[in-house]
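Enquirer: Sharing protein_14.pdb, PDB, C-alpha atoms:
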ATOM      1  CA  MET A 105     111.829 114.466   1.339
ATOM      2  CA  THR A 106     112.158 118.173   2.088
ATOM      3  CA  LYS A 107     109.214 119.935   3.557
ATOM      4  CA  ASN A 108     108.756 123.618   3.044
ATOM      5  CA  THR A 109     107.310 125.085   6.206
ATOM      6  CA  ASN A 110     106.436 128.284   4.369
ATOM      7  CA  GLN A 111     103.855 126.357   2.414
ATOM      8  CA  THR A 112     101.998 124.985   5.415
ATOM      9  CA  PHE A 113      98.969 127.123   4.718
ATOM     10  CA  SER A 114      99.297 127.141   0.978
ATOM     11  CA  PRO A 115      96.391 125.512  -0.843
ATOM     12  CA  VAL A 116      98.760 124.083  -3.508
ATOM     13  CA  PRO A 117     101.210 121.416  -2.266
ATOM     14  CA  ASP A 118     104.840 121.637  -3.329
ATOM     15  CA  ARG A 119     106.121 119.757  -6.344
ATOM     16  CA  ASP A 120     107.905 117.065  -4.300
ATOM     17  CA  GLY A 121     104.780 116.472  -2.272
ATOM     18  CA  LEU A 122     102.652 116.122  -5.368
ATOM     19  CA  GLU A 123     105.081 113.702  -6.935
ATOM     20  CA  ALA A 124     105.192 111.679  -3.743
ATOM     21  CA  ARG A 125     101.393 111.554  -3.511
ATOM     22  CA  PHE A 126     101.148 110.476  -7.106
ATOM     23  CA  GLY A 127     103.873 107.881  -6.639
ATOM     24  CA  VAL A 128     102.274 106.423  -3.529
ATOM     25  CA  ARG A 129      98.896 106.341  -5.238
ATOM     26  CA  VAL A 130     100.230 104.490  -8.289
ATOM     27  CA  ALA A 131     102.254 102.153  -6.062
ATOM     28  CA  SER A 132      99.178 101.283  -4.016
ATOM     29  CA  MET A 133      97.393 100.339  -7.240
ATOM     30  CA  LEU A 134     100.353  98.192  -8.240
ATOM     31  CA  GLY A 135     100.075  96.585  -4.824
ATOM     32  CA  GLU A 136      96.461  95.681  -5.528
ATOM     33  CA  ARG A 137      97.521  94.016  -8.756
ATOM     34  CA  ALA A 138     100.385  92.228  -7.056
ATOM     35  CA  GLN A 139      98.066  90.743  -4.452
ATOM     36  CA  ALA A 140      96.067  89.195  -7.264
ATOM     37  CA  THR A 141      98.991  87.033  -8.364
ATOM     38  CA  ALA A 142      98.224  83.818 -10.224
ATOM     39  CA  PRO A 143      97.901  80.741  -7.967
ATOM     40  CA  ASP A 144     100.866  78.942  -9.516
ATOM     41  CA  ILE A 145     103.100  81.925  -8.876
ATOM     42  CA  SER A 146     101.863  82.220  -5.306
ATOM     43  CA  GLU A 147     102.584  78.533  -4.859
ATOM     44  CA  ARG A 148     106.138  78.900  -6.185
ATOM     45  CA  LEU A 149     106.725  81.880  -3.941
ATOM     46  CA  ARG A 150     105.504  79.871  -0.973
ATOM     47  CA  PHE A 151     107.886  77.057  -1.934
ATOM     48  CA  ALA A 152     110.758  79.547  -2.252
ATOM     49  CA  ARG A 153     109.956  80.945   1.179
ATOM     50  CA  GLU A 154     109.926  77.490   2.721
ATOM     51  CA  GLN A 155     113.238  76.645   1.075
ATOM     52  CA  ALA A 156     114.714  79.837   2.498
ATOM     53  CA  LEU A 157     113.483  78.930   5.974
ATOM     54  CA  VAL A 158     115.025  75.465   5.701
ATOM     55  CA  ARG A 159     118.340  77.039   4.698
ATOM     56  CA  ALA A 160     118.074  79.504   7.560
ATOM     57  CA  GLN A 161     117.637  76.667  10.030
ATOM     58  CA  ALA A 162     120.614  74.830   8.529
ATOM     59  CA  ALA A 163     122.726  78.000   8.710
ATOM     60  CA  ARG A 164     121.778  78.417  12.368
ATOM     61  CA  GLN A 165     122.804  74.838  13.120
ATOM     62  CA  VAL A 166     126.180  75.358  11.442
ATOM     63  CA  GLN A 167     126.735  78.545  13.449
ATOM     64  CA  THR A 168     125.772  76.758  16.651
ATOM     65  CA  ALA A 169     128.061  73.814  15.876
ATOM     66  CA  ALA A 170     131.012  76.068  15.111
ATOM     67  CA  ALA A 171     130.598  78.141  18.261
ATOM     68  CA  PRO A 172     132.199  76.966  21.535
ATOM     69  CA  VAL A 173     129.712  75.209  23.804
ATOM     70  CA  VAL A 174     129.755  74.979  27.556
ATOM     71  CA  VAL A 175     130.124  71.414  28.737
ATOM     72  CA  GLY A 176     129.515  70.466  32.318
ATOM     73  CA  ARG A 177     131.989  68.123  33.959
ATOM     74  CA  GLY A 178     131.036  67.279  37.477
ATOM     75  CA  ARG A 179     130.702  70.553  39.320
ATOM     76  CA  THR A 180     132.760  72.585  36.853
ATOM     77  CA  ALA A 181     131.882  73.933  33.455
ATOM     78  CA  VAL A 182     134.544  74.287  30.779
ATOM     79  CA  LEU A 183     134.553  75.676  27.274
ATOM     80  CA  ALA A 184     134.817  72.921  24.713
ATOM     81  CA  ASN A 185     134.876  72.911  20.958
ATOM     82  CA  PRO A 186     133.396  70.011  18.989
ATOM     83  CA  LEU A 187     136.494  69.879  16.767
ATOM     84  CA  GLY A 188     138.752  69.448  19.784
ATOM     85  CA  TRP A 189     142.095  70.953  20.725
ATOM     86  CA  TRP A 190     143.979  67.825  19.638
ATOM     87  CA  PHE A 191     142.599  68.168  16.127
ATOM     88  CA  LYS A 192     143.689  71.819  15.971
ATOM     89  CA  LEU A 193     147.091  70.927  17.430
ATOM     90  CA  GLY A 194     147.520  68.109  14.911
ATOM     91  CA  SER A 195     146.669  70.517  12.074
ATOM     92  CA  ALA A 196     149.146  73.133  13.255
ATOM     93  CA  ALA A 197     152.048  70.712  14.018
ATOM     94  CA  PRO A 198     153.248  70.124  10.411
ATOM     95  CA  LEU A 199     153.290  73.854   9.767
ATOM     96  CA  ALA A 200     155.227  74.501  12.949
ATOM     97  CA  LEU A 201     157.735  71.770  12.034
ATOM     98  CA  LEU A 202     158.203  73.270   8.588
ATOM     99  CA  VAL A 203     158.876  76.726  10.030
ATOM    100  CA  LEU A 204     161.343  75.310  12.578
ATOM    101  CA  GLY A 205     163.152  73.311   9.876
ATOM    102  CA  LEU A 206     163.534  76.360   7.634
ATOM    103  CA  ALA A 207     164.815  78.421  10.552
ATOM    104  CA  GLY A 208     167.374  75.683  11.381
ATOM    105  CA  ILE A 209     168.636  75.492   7.796
ATOM    106  CA  ALA A 210     169.013  79.264   7.661
ATOM    107  CA  HIS A 211     170.930  79.254  10.949
ATOM    108  CA  VAL A 212     173.358  76.510   9.849
ATOM    109  CA  HIS A 213     173.950  78.223   6.511
ATOM    110  CA  GLU A 214     174.699  81.526   8.215
ATOM    111  CA  LYS A 215     177.161  79.888  10.619
ATOM    112  CA  ALA A 216     178.986  78.192   7.723
ATOM    113  CA  GLN A 217     179.351  81.508   5.911
ATOM    114  CA  ILE A 218     180.699  83.209   9.039
ATOM    115  CA  ALA A 219     183.225  80.391   9.561
ATOM    116  CA  ALA A 220     184.472  80.640   5.959
ATOM    117  CA  VAL A 221     184.947  84.407   6.184
ATOM    118  CA  ALA A 222     186.720  84.040   9.562
ATOM    119  CA  GLU A 223     189.072  81.455   8.064
ATOM    120  CA  VAL A 224     190.046  83.814   5.213
ATOM    121  CA  ASP A 225     190.512  86.676   7.669
ATOM    122  CA  ALA A 226     192.663  84.544   9.937
ATOM    123  CA  ALA A 227     194.850  83.406   7.018
ATOM    124  CA  LEU A 228     195.343  87.004   5.866
ATOM    125  CA  LEU A 229     196.219  88.241   9.340
ATOM    126  CA  ALA A 230     198.557  85.335  10.101
ATOM    127  CA  ASP A 231     200.461  85.763   6.831
ATOM    128  CA  ASP A 232     203.769  87.662   6.776
ATOM    129  CA  LEU A 233     202.506  89.803   3.969
ATOM    130  CA  PRO A 234     200.372  92.742   5.152
ATOM    131  CA  PRO A 235     196.774  92.703   3.788
ATOM    132  CA  ALA A 236     197.329  96.170   2.265
ATOM    133  CA  ALA A 237     199.788  94.584  -0.184
ATOM    134  CA  TYR A 238     196.901  92.927  -2.036
ATOM    135  CA  THR A 239     195.524  96.356  -2.938
ATOM    136  CA  ASP A 240     198.762  97.374  -4.622
ATOM    137  CA  PRO A 241     198.480  97.059  -8.438
ATOM    138  CA  GLY A 242     202.193  96.230  -8.833
ATOM    139  CA  PHE A 243     201.969  93.361  -6.375
ATOM    140  CA  ALA A 244     198.844  92.035  -8.101
ATOM    141  CA  GLU A 245     200.761  92.071 -11.414
ATOM    142  CA  TYR A 246     203.656  90.282  -9.763
ATOM    143  CA  LEU A 247     201.368  87.531  -8.450
ATOM    144  CA  LYS A 248     199.896  87.155 -11.919
ATOM    145  CA  THR A 249     203.323  86.783 -13.483
ATOM    146  CA  VAL A 250     204.403  84.219 -10.870
ATOM    147  CA  ARG A 251     201.299  82.075 -11.564
ATOM    148  CA  GLU A 252     202.044  82.088 -15.291
TER     149      GLU A 252
ATOM    150  CA  MET B 249     119.069  87.677  15.360
ATOM    151  CA  ALA B 250     115.835  87.255  13.378
ATOM    152  CA  THR B 251     113.732  84.288  14.408
ATOM    153  CA  ASP B 252     112.201  81.837  11.955
ATOM    154  CA  LYS B 253     108.826  83.464  12.412
ATOM    155  CA  GLU B 254     110.193  86.947  11.803
ATOM    156  CA  LEU B 255     111.971  85.762   8.681
ATOM    157  CA  SER B 256     108.894  83.921   7.454
ATOM    158  CA  ASP B 257     106.620  86.888   8.085
ATOM    159  CA  PHE B 258     109.041  89.233   6.385
ATOM    160  CA  LEU B 259     109.399  87.029   3.306
ATOM    161  CA  LYS B 260     105.658  86.557   3.129
ATOM    162  CA  SER B 261     105.098  90.304   3.266
ATOM    163  CA  VAL B 262     107.624  91.073   0.556
ATOM    164  CA  GLU B 263     107.517  88.111  -1.831
ATOM    165  CA  LYS B 264     104.798  89.301  -4.193
ATOM    166  CA  ARG B 265     106.209  92.782  -4.555
ATOM    167  CA  ALA B 266     109.664  91.311  -5.024
ATOM    168  CA  PHE B 267     108.371  89.009  -7.741
ATOM    169  CA  LYS B 268     106.555  91.821  -9.504
ATOM    170  CA  ARG B 269     109.516  94.164  -9.330
ATOM    171  CA  THR B 270     111.824  91.507 -10.714
ATOM    172  CA  ALA B 271     109.340  90.531 -13.397
ATOM    173  CA  PHE B 272     109.229  94.174 -14.492
ATOM    174  CA  ALA B 273     113.003  94.088 -14.881
ATOM    175  CA  VAL B 274     113.583  90.716 -16.532
ATOM    176  CA  ARG B 275     110.203  90.446 -18.283
ATOM    177  CA  ASP B 276     109.980  86.741 -17.649
ATOM    178  CA  ASP B 277     107.959  85.222 -14.805
ATOM    179  CA  ASP B 278     110.015  82.042 -14.449
ATOM    180  CA  SER B 279     113.291  83.922 -14.292
ATOM    181  CA  ALA B 280     111.783  86.391 -11.839
ATOM    182  CA  LEU B 281     110.685  83.529  -9.595
ATOM    183  CA  ASP B 282     114.161  82.002  -9.723
ATOM    184  CA  ILE B 283     115.757  85.326  -8.836
ATOM    185  CA  VAL B 284     113.377  85.888  -5.930
ATOM    186  CA  GLN B 285     114.005  82.376  -4.635
ATOM    187  CA  ASP B 286     117.779  82.818  -4.899
ATOM    188  CA  SER B 287     117.528  86.125  -3.072
ATOM    189  CA  MET B 288     115.429  84.628  -0.294
ATOM    190  CA  ILE B 289     117.899  81.784   0.154
ATOM    191  CA  ARG B 290     120.864  84.137   0.096
ATOM    192  CA  LEU B 291     119.233  86.277   2.773
ATOM    193  CA  ALA B 292     118.406  83.226   4.887
ATOM    194  CA  GLU B 293     121.852  81.687   4.618
ATOM    195  CA  LYS B 294     124.096  84.695   4.977
ATOM    196  CA  TYR B 295     122.192  87.233   7.034
ATOM    197  CA  ILE B 296     120.186  85.147   9.463
ATOM    198  CA  ASP B 297     122.284  86.528  12.311
ATOM    199  CA  ARG B 298     121.095  90.080  11.577
ATOM    200  CA  PRO B 299     118.202  91.662  13.469
ATOM    201  CA  ALA B 300     114.781  91.543  11.823
ATOM    202  CA  ALA B 301     114.758  95.324  11.323
ATOM    203  CA  GLU B 302     117.684  95.068   8.893
ATOM    204  CA  LEU B 303     116.070  92.437   6.688
ATOM    205  CA  PRO B 304     114.083  94.736   4.343
ATOM    206  CA  LEU B 305     117.050  96.776   3.178
ATOM    207  CA  LEU B 306     119.302  93.718   2.980
ATOM    208  CA  PHE B 307     116.728  91.855   0.921
ATOM    209  CA  GLN B 308     116.271  94.736  -1.506
ATOM    210  CA  ARG B 309     120.027  94.904  -2.012
ATOM    211  CA  ILE B 310     120.284  91.172  -2.542
ATOM    212  CA  LEU B 311     117.378  91.216  -4.964
ATOM    213  CA  SER B 312     118.876  94.060  -6.981
ATOM    214  CA  ASN B 313     122.239  92.307  -7.112
ATOM    215  CA  ALA B 314     120.637  89.008  -8.077
ATOM    216  CA  THR B 315     118.753  90.730 -10.879
ATOM    217  CA  MET B 316     121.959  92.277 -12.159
ATOM    218  CA  ASP B 317     123.659  88.888 -11.955
ATOM    219  CA  TRP B 318     120.854  87.469 -14.036
ATOM    220  CA  PHE B 319     121.413  90.093 -16.703
ATOM    221  CA  ARG B 320     125.130  89.363 -16.672
ATOM    222  CA  ARG B 321     124.462  85.680 -17.112
ATOM    223  CA  GLN B 322     122.167  86.440 -19.986
ATOM    224  CA  LYS B 323     125.029  88.310 -21.652
ATOM    225  CA  VAL B 324     122.886  91.269 -22.476
ATOM    226  CA  ARG B 325     124.888  93.629 -20.367
ATOM    227  CA  ASN B 326     125.354  96.137 -23.119
ATOM    228  CA  ALA B 327     121.649  96.325 -23.683
ATOM    229  CA  VAL B 328     121.029  96.733 -19.985
ATOM    230  CA  VAL B 329     123.632  99.439 -19.591
ATOM    231  CA  HIS B 330     122.113 101.239 -22.532
ATOM    232  CA  ASN B 331     118.701 100.951 -20.949
ATOM    233  CA  PHE B 332     119.948 101.914 -17.497
ATOM    234  CA  SER B 333     121.759 104.958 -18.778
ATOM    235  CA  GLU B 334     118.633 106.312 -20.352
ATOM    236  CA  PHE B 335     118.555 109.328 -18.135
ATOM    237  CA  SER B 336     116.891 111.546 -20.632
ATOM    238  CA  GLY B 337     114.623 110.801 -23.477
ATOM    239  CA  PRO B 338     112.135 112.488 -25.733
ATOM    240  CA  GLY B 339     109.374 112.093 -23.178
ATOM    241  CA  ASP B 340     111.310 113.290 -20.161
ATOM    242  CA  ASP B 341     111.230 116.996 -20.690
ATOM    243  CA  ASP B 342     107.932 117.628 -19.015
ATOM    244  CA  GLY B 343     108.720 120.243 -16.437
ATOM    245  CA  GLU B 344     105.553 122.123 -17.156
ATOM    246  CA  PHE B 345     103.333 119.064 -16.839
ATOM    247  CA  ASP B 346     100.567 119.604 -14.325
ATOM    248  CA  ILE B 347     101.071 116.775 -11.855
ATOM    249  CA  LEU B 348      98.364 118.160  -9.566
ATOM    250  CA  GLU B 349      95.813 117.954 -12.329
ATOM    251  CA  MET B 350      96.920 114.396 -13.065
ATOM    252  CA  LEU B 351      96.791 113.444  -9.402
ATOM    253  CA  ASP B 352      93.283 114.774  -9.014
ATOM    254  CA  GLY B 353      92.286 112.888 -12.114
ATOM    255  CA  ILE B 354      93.727 109.578 -11.075
ATOM    256  CA  GLU B 355      92.289 109.846  -7.585
ATOM    257  CA  GLY B 356      88.952 110.824  -9.036
ATOM    258  CA  ASN B 357      88.950 107.934 -11.459
ATOM    259  CA  ILE B 358      90.353 105.196  -9.260
ATOM    260  CA  GLY B 359      90.703 106.382  -5.719
ATOM    261  CA  THR B 360      86.968 106.345  -5.182
ATOM    262  CA  GLU B 361      85.898 102.766  -5.446
ATOM    263  CA  SER B 362      83.005 102.171  -7.787
ATOM    264  CA  ALA B 363      81.420  98.816  -7.066
ATOM    265  CA  SER B 364      79.631  98.832 -10.385
ATOM    266  CA  ASP B 365      82.768  99.189 -12.450
ATOM    267  CA  SER B 366      85.257  96.622 -11.177
ATOM    268  CA  VAL B 367      86.086  95.352 -14.670
ATOM    269  CA  SER B 368      87.024  98.818 -15.799
ATOM    270  CA  ARG B 369      89.065  99.270 -12.634
ATOM    271  CA  ASP B 370      90.965  96.074 -13.311
ATOM    272  CA  GLN B 371      91.701  97.259 -16.828
ATOM    273  CA  ILE B 372      93.026 100.530 -15.468
ATOM    274  CA  LEU B 373      95.224  98.713 -12.986
ATOM    275  CA  GLN B 374      96.562  96.555 -15.815
ATOM    276  CA  LEU B 375      97.263  99.668 -17.811
ATOM    277  CA  ILE B 376      99.130 101.252 -14.921
ATOM    278  CA  GLU B 377     101.162  98.097 -14.459
ATOM    279  CA  ARG B 378     102.044  98.082 -18.133
ATOM    280  CA  GLU B 379     103.098 101.721 -18.044
ATOM    281  CA  VAL B 380     105.301 101.086 -15.011
ATOM    282  CA  GLY B 381     106.845  98.203 -16.908
ATOM    283  CA  GLU B 382     107.560 100.525 -19.823
ATOM    284  CA  LEU B 383     109.587 102.955 -17.722
ATOM    285  CA  PRO B 384     113.368 103.009 -18.218
ATOM    286  CA  ALA B 385     114.903 100.474 -15.840
ATOM    287  CA  ARG B 386     116.598 102.909 -13.452
ATOM    288  CA  GLN B 387     113.542 105.128 -13.235
ATOM    289  CA  ARG B 388     111.336 102.115 -12.589
ATOM    290  CA  GLU B 389     113.682 100.737  -9.955
ATOM    291  CA  ALA B 390     113.868 104.062  -8.136
ATOM    292  CA  PHE B 391     110.113 104.538  -8.361
ATOM    293  CA  LEU B 392     109.309 101.060  -7.028
ATOM    294  CA  LEU B 393     111.857 101.165  -4.235
ATOM    295  CA  ARG B 394     110.747 104.626  -3.132
ATOM    296  CA  TYR B 395     106.992 104.388  -3.374
ATOM    297  CA  TRP B 396     106.246 100.665  -3.378
ATOM    298  CA  GLU B 397     108.869  99.322  -1.013
ATOM    299  CA  GLU B 398     108.652 102.606   0.910
ATOM    300  CA  LEU B 399     112.401 103.027   1.301
ATOM    301  CA  ASP B 400     113.624 106.544   1.954
ATOM    302  CA  VAL B 401     115.881 108.368  -0.488
ATOM    303  CA  ALA B 402     119.103 107.344   1.262
ATOM    304  CA  GLU B 403     118.089 103.673   1.412
ATOM    305  CA  THR B 404     117.030 103.700  -2.230
ATOM    306  CA  ALA B 405     120.358 105.246  -3.189
ATOM    307  CA  SER B 406     122.143 102.572  -1.191
ATOM    308  CA  VAL B 407     120.262  99.745  -2.904
ATOM    309  CA  MET B 408     120.697 101.256  -6.354
ATOM    310  CA  GLY B 409     124.331 102.194  -5.805
ATOM    311  CA  CYS B 410     123.884 105.810  -6.830
ATOM    312  CA  SER B 411     123.609 109.235  -5.226
ATOM    313  CA  GLU B 412     120.525 110.539  -3.459
ATOM    314  CA  GLY B 413     120.250 113.247  -6.083
ATOM    315  CA  SER B 414     120.069 110.611  -8.803
ATOM    316  CA  VAL B 415     117.307 108.825  -6.920
ATOM    317  CA  LYS B 416     115.266 112.030  -6.716
ATOM    318  CA  THR B 417     115.812 112.689 -10.393
ATOM    319  CA  HIS B 418     114.817 109.144 -11.383
ATOM    320  CA  CYS B 419     111.722 109.250  -9.197
ATOM    321  CA  SER B 420     110.631 112.623 -10.477
ATOM    322  CA  ARG B 421     111.084 111.586 -14.080
ATOM    323  CA  ALA B 422     109.267 108.322 -13.478
ATOM    324  CA  VAL B 423     106.305 110.102 -11.904
ATOM    325  CA  HIS B 424     106.067 112.602 -14.728
ATOM    326  CA  ALA B 425     106.460 109.933 -17.392
ATOM    327  CA  LEU B 426     103.727 107.861 -15.762
ATOM    328  CA  ALA B 427     101.421 110.810 -15.380
ATOM    329  CA  LYS B 428     101.904 111.768 -18.979
ATOM    330  CA  ALA B 429     101.424 108.217 -20.255
ATOM    331  CA  LEU B 430      98.305 107.683 -18.191
ATOM    332  CA  LYS B 431      96.840 110.939 -19.310
ATOM    333  CA  ALA B 432      97.496 109.966 -22.903
ATOM    334  CA  LYS B 433      95.563 106.744 -22.268
ATOM    335  CA  GLY B 434      92.643 108.732 -20.981
ATOM    336  CA  ILE B 435      93.050 108.107 -17.277
ATOM    337  CA  ALA B 436      92.671 111.749 -16.526
ATOM    338  CA  PRO B 437      89.925 114.361 -16.591
TER     339      PRO B 437
END
As a first step, turn the structure in this file into structure tokens.

Expert:
Amino acid sequence: MTKNTNQTFSPVPDRDGLEARFGVRVASMLGERAQATAPDISERLRFAREQALVRAQAARQVQTAAAPVVVGRGRTAVLANPLGWWFKLGSAAPLALLVLGLAGIAHVHEKAQIAAVAEVDAALLADDLPPAAYTDPGFAEYLKTVRE
Amino acid sequence: MATDKELSDFLKSVEKRAFKRTAFAVRDDDSALDIVQDSMIRLAEKYIDRPAAELPLLFQRILSNATMDWFRRQKVRNAVVHNFSEFSGPGDDDGEFDILEMLDGIEGNIGTESASDSVSRDQILQLIEREVGELPARQREAFLLRYWEELDVAETASVMGCSEGSVKTHCSRAVHALAKALKAKGIAP
């Protein structure tokens, strides 16, 4: 709410101030009415509150269970998780195997492609005919005729 | 992190106002109770790790969202949107209304407790409650959050998901509409 310091000594409050006073006054009357709520409604509200508190306690327990706890072993204290590292490792192992398998397949496939291309290159280079001959349209026509 | 006692005390302090505010919106006590209970549980489950000082604003947000969810489930969204978008109406243009006169009147009539007239006082309080319930939804929400829940303008805007300017406009219109309605009912000099 903005306060106009120029109106400090003015006998008439500013419009915002008047509205606020009126609003607070009406709200306080509503508050009086609200306090006089019917017993059955008060009872249901009390039940709702208790339910909320029960849920809050449950939520706290879940948070506590999920958080790492310090476990004493002899003279040392180590961080331990109730779920255990073995459980986490067991959950991650299939995924890791899948990723490794896919990477292996990709590697083998790539090597096979490289070998095939190298074989073609080697055959072209080892041939008596120069590779540039295959770009000549007349030679291509000749090869076509020979095949027929 | 809020302790059980802090959470319990907070919920106890806010539950009746929360119920009333929700009942104003959904106009059904049972549904309002369900919404308040859901909101309490949501706060307890999801925000229990927050400090106690953050609970009021979080709860108001959760309650507002839960109320909107209720309207969505009721499949009356169009009606709600129509109601919520009622920024101006035939009774809103009251810039010249004398709020000071109305304030003096209401404080004169009710602010000074008259032990001999408690029945009349209760009737007036009922009337005020009814008039608040008759306000357009956004105006009522802004009014209740600002003056009843005592949130500041920025917090109210955050809960309502609108600008601070909109909050001021809603509050001002709500105050003037209430003042006018109460004066029309004779709660004024």

Enquirer: Would you mind reading off the distance between CA of Ser406 in chain B and CA of Arg309 in chain B, one decimal, in Å?

Expert: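 Going from CA of Ser406 in chain B over to CA of Arg309 in chain B, I get 8.0 Å.
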
Enquirer: With a cut-off of 12 Å, could you pull out the residues of chain A touching chain B and give me the nearest pair of atoms for each, distance in Å to one decimal, using only C-alpha atoms, ordered by chain and ascending number, as JSON lines?

Expert:
{"residue": "A:Met105", "atom": "CA", "partner": "B:Val401", "partner_atom": "CA", "distance": 7.5}
{"residue": "A:Thr106", "atom": "CA", "partner": "B:Val401", "partner_atom": "CA", "distance": 10.8}
{"residue": "A:Pro115", "atom": "CA", "partner": "B:Leu348", "partner_atom": "CA", "distance": 11.6}
{"residue": "A:Val116", "atom": "CA", "partner": "B:Leu348", "partner_atom": "CA", "distance": 8.5}
{"residue": "A:Pro117", "atom": "CA", "partner": "B:Leu348", "partner_atom": "CA", "distance": 8.5}
{"residue": "A:Asp118", "atom": "CA", "partner": "B:Leu348", "partner_atom": "CA", "distance": 9.6}
{"residue": "A:Arg119", "atom": "CA", "partner": "B:Ile347", "partner_atom": "CA", "distance": 8.0}
{"residue": "A:Asp120", "atom": "CA", "partner": "B:Ser420", "partner_atom": "CA", "distance": 8.1}
{"residue": "A:Gly121", "atom": "CA", "partner": "B:Leu348", "partner_atom": "CA", "distance": 9.9}
{"residue": "A:Leu122", "atom": "CA", "partner": "B:Leu348", "partner_atom": "CA", "distance": 6.3}
{"residue": "A:Glu123", "atom": "CA", "partner": "B:Val423", "partner_atom": "CA", "distance": 6.3}
{"residue": "A:Ala124", "atom": "CA", "partner": "B:Tyr395", "partner_atom": "CA", "distance": 7.5}
{"residue": "A:Arg125", "atom": "CA", "partner": "B:Leu351", "partner_atom": "CA", "distance": 7.7}
{"residue": "A:Phe126", "atom": "CA", "partner": "B:Leu351", "partner_atom": "CA", "distance": 5.8}
{"residue": "A:Gly127", "atom": "CA", "partner": "B:Tyr395", "partner_atom": "CA", "distance": 5.7}
{"residue": "A:Val128", "atom": "CA", "partner": "B:Tyr395", "partner_atom": "CA", "distance": 5.1}
{"residue": "A:Arg129", "atom": "CA", "partner": "B:Glu355", "partner_atom": "CA", "distance": 7.8}
{"residue": "A:Val130", "atom": "CA", "partner": "B:Ile376", "partner_atom": "CA", "distance": 7.5}
{"residue": "A:Ala131", "atom": "CA", "partner": "B:Trp396", "partner_atom": "CA", "distance": 5.0}
{"residue": "A:Ser132", "atom": "CA", "partner": "B:Trp396", "partner_atom": "CA", "distance": 7.1}
{"residue": "A:Met133", "atom": "CA", "partner": "B:Leu373", "partner_atom": "CA", "distance": 6.4}
{"residue": "A:Leu134", "atom": "CA", "partner": "B:Glu377", "partner_atom": "CA", "distance": 6.3}
{"residue": "A:Gly135", "atom": "CA", "partner": "B:Arg265", "partner_atom": "CA", "distance": 7.2}
{"residue": "A:Glu136", "atom": "CA", "partner": "B:Leu373", "partner_atom": "CA", "distance": 8.1}
{"residue": "A:Arg137", "atom": "CA", "partner": "B:Leu373", "partner_atom": "CA", "distance": 6.7}
{"residue": "A:Ala138", "atom": "CA", "partner": "B:Lys264", "partner_atom": "CA", "distance": 6.0}
{"residue": "A:Gln139", "atom": "CA", "partner": "B:Lys264", "partner_atom": "CA", "distance": 6.9}
{"residue": "A:Ala140", "atom": "CA", "partner": "B:Lys264", "partner_atom": "CA", "distance": 9.3}
{"residue": "A:Thr141", "atom": "CA", "partner": "B:Lys264", "partner_atom": "CA", "distance": 7.5}
{"residue": "A:Ala142", "atom": "CA", "partner": "B:Lys264", "partner_atom": "CA", "distance": 10.5}
{"residue": "A:Pro143", "atom": "CA", "partner": "B:Lys264", "partner_atom": "CA", "distance": 11.6}
{"residue": "A:Asp144", "atom": "CA", "partner": "B:Leu281", "partner_atom": "CA", "distance": 10.8}
{"residue": "A:Ile145", "atom": "CA", "partner": "B:Leu281", "partner_atom": "CA", "distance": 7.8}
{"residue": "A:Ser146", "atom": "CA", "partner": "B:Lys264", "partner_atom": "CA", "distance": 7.7}
{"residue": "A:Glu147", "atom": "CA", "partner": "B:Leu281", "partner_atom": "CA", "distance": 10.6}
{"residue": "A:Arg148", "atom": "CA", "partner": "B:Leu281", "partner_atom": "CA", "distance": 7.3}
{"residue": "A:Leu149", "atom": "CA", "partner": "B:Glu263", "partner_atom": "CA", "distance": 6.6}
{"residue": "A:Arg150", "atom": "CA", "partner": "B:Lys260", "partner_atom": "CA", "distance": 7.8}
{"residue": "A:Phe151", "atom": "CA", "partner": "B:Gln285", "partner_atom": "CA", "distance": 8.5}
{"residue": "A:Ala152", "atom": "CA", "partner": "B:Gln285", "partner_atom": "CA", "distance": 4.9}
{"residue": "A:Arg153", "atom": "CA", "partner": "B:Leu259", "partner_atom": "CA", "distance": 6.5}
{"residue": "A:Glu154", "atom": "CA", "partner": "B:Ser256", "partner_atom": "CA", "distance": 8.1}
{"residue": "A:Gln155", "atom": "CA", "partner": "B:Ile289", "partner_atom": "CA", "distance": 7.0}
{"residue": "A:Ala156", "atom": "CA", "partner": "B:Ile289", "partner_atom": "CA", "distance": 4.4}
{"residue": "A:Leu157", "atom": "CA", "partner": "B:Ala292", "partner_atom": "CA", "distance": 6.6}
{"residue": "A:Val158", "atom": "CA", "partner": "B:Ala292", "partner_atom": "CA", "distance": 8.5}
{"residue": "A:Arg159", "atom": "CA", "partner": "B:Glu293", "partner_atom": "CA", "distance": 5.8}
{"residue": "A:Ala160", "atom": "CA", "partner": "B:Ala292", "partner_atom": "CA", "distance": 4.6}
{"residue": "A:Gln161", "atom": "CA", "partner": "B:Asp252", "partner_atom": "CA", "distance": 7.7}
{"residue": "A:Ala162", "atom": "CA", "partner": "B:Glu293", "partner_atom": "CA", "distance": 8.0}
{"residue": "A:Ala163", "atom": "CA", "partner": "B:Glu293", "partner_atom": "CA", "distance": 5.6}
{"residue": "A:Arg164", "atom": "CA", "partner": "B:Ile296", "partner_atom": "CA", "distance": 7.5}
{"residue": "A:Gln165", "atom": "CA", "partner": "B:Glu293", "partner_atom": "CA", "distance": 11.0}
{"residue": "A:Val166", "atom": "CA", "partner": "B:Glu293", "partner_atom": "CA", "distance": 10.3}
{"residue": "A:Gln167", "atom": "CA", "partner": "B:Asp297", "partner_atom": "CA", "distance": 9.2}
{"residue": "A:Thr168", "atom": "CA", "partner": "B:Asp297", "partner_atom": "CA", "distance": 11.2}

Enquirer: Can you report as AutoDock Vina command-line options the centre and edge lengths in Å, to one decimal, of an axis-aligned box around the listed atoms of range 242-252 of chain A padded with 5 Å on each side?

Expert:
--center_x 201.6 --center_y 89.2 --center_z -10.8 --size_x 15.6 --size_y 24.2 --size_z 18.9
